[in-house]
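Notes to accompany the following structure.
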Amino acid sequence: MKKREPILIHMEILASLCSSPKGPTRLAQACNLNYGRIDGFTDALKEKGLVTTRTVDGQEVLAITDQGYSVYKEWLEIWRKLPLD
């Protein structure tokens, strides 16, 4: 299996959080990542203000911020313009 570039993993995390907030385990599953690796990626996104953590019913949940959504939309626009066929 070919290793994914970190930028693609970051964008996949943002894409997953666009649909709904998720706990770390569900997010790791949605992005096909090992639970131990998800923290490094989400910590970097939190540092940049693209993802936030909140507590819902006593559980940690990750959610995309307005800034994160804006970055994700810009990324999609660029991605669609690239000749990737």
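Scheme for the structure tokens: letters A, B, ... for chains in order shown; per-chain residue numbers from 1; ligand numbers from 1 in order shown.
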
Near-segment 3-14 of chain A list (8 Å; only C-alpha atoms; drop same-chain fewer than 6 positions) as a list of chain:residue names: A:Leu27, A:Cys31, A:Phe41, A:Thr42, A:Leu45, A:Val51, A:Ile64, A:Gly68, A:Tyr69, A:Tyr72, A:Trp75

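Within 7 Å of Lys22 of chain A, once only C-alpha atoms are used and residues closer than 4 positions along the same chain are dropped, the contacting residues are Leu17, Arg26, Leu27, Val61, Leu62 and Ala63 of chain A.
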
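The residue that comes closest to Thr25 of chain A, out of A:Glu47, A:Glu60, A:Asp66, A:Glu74 and on the basis of only C-alpha atoms, is A:Glu60.
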
Those of chain A in DSSP strand (DSSP E or B), formatted as number ranges by chain: A: 22, 51-56, 59-64

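The spacing separating atom CA of Pro24 of chain A from atom CA of Ile38 of chain A amounts to 7.1 Å.
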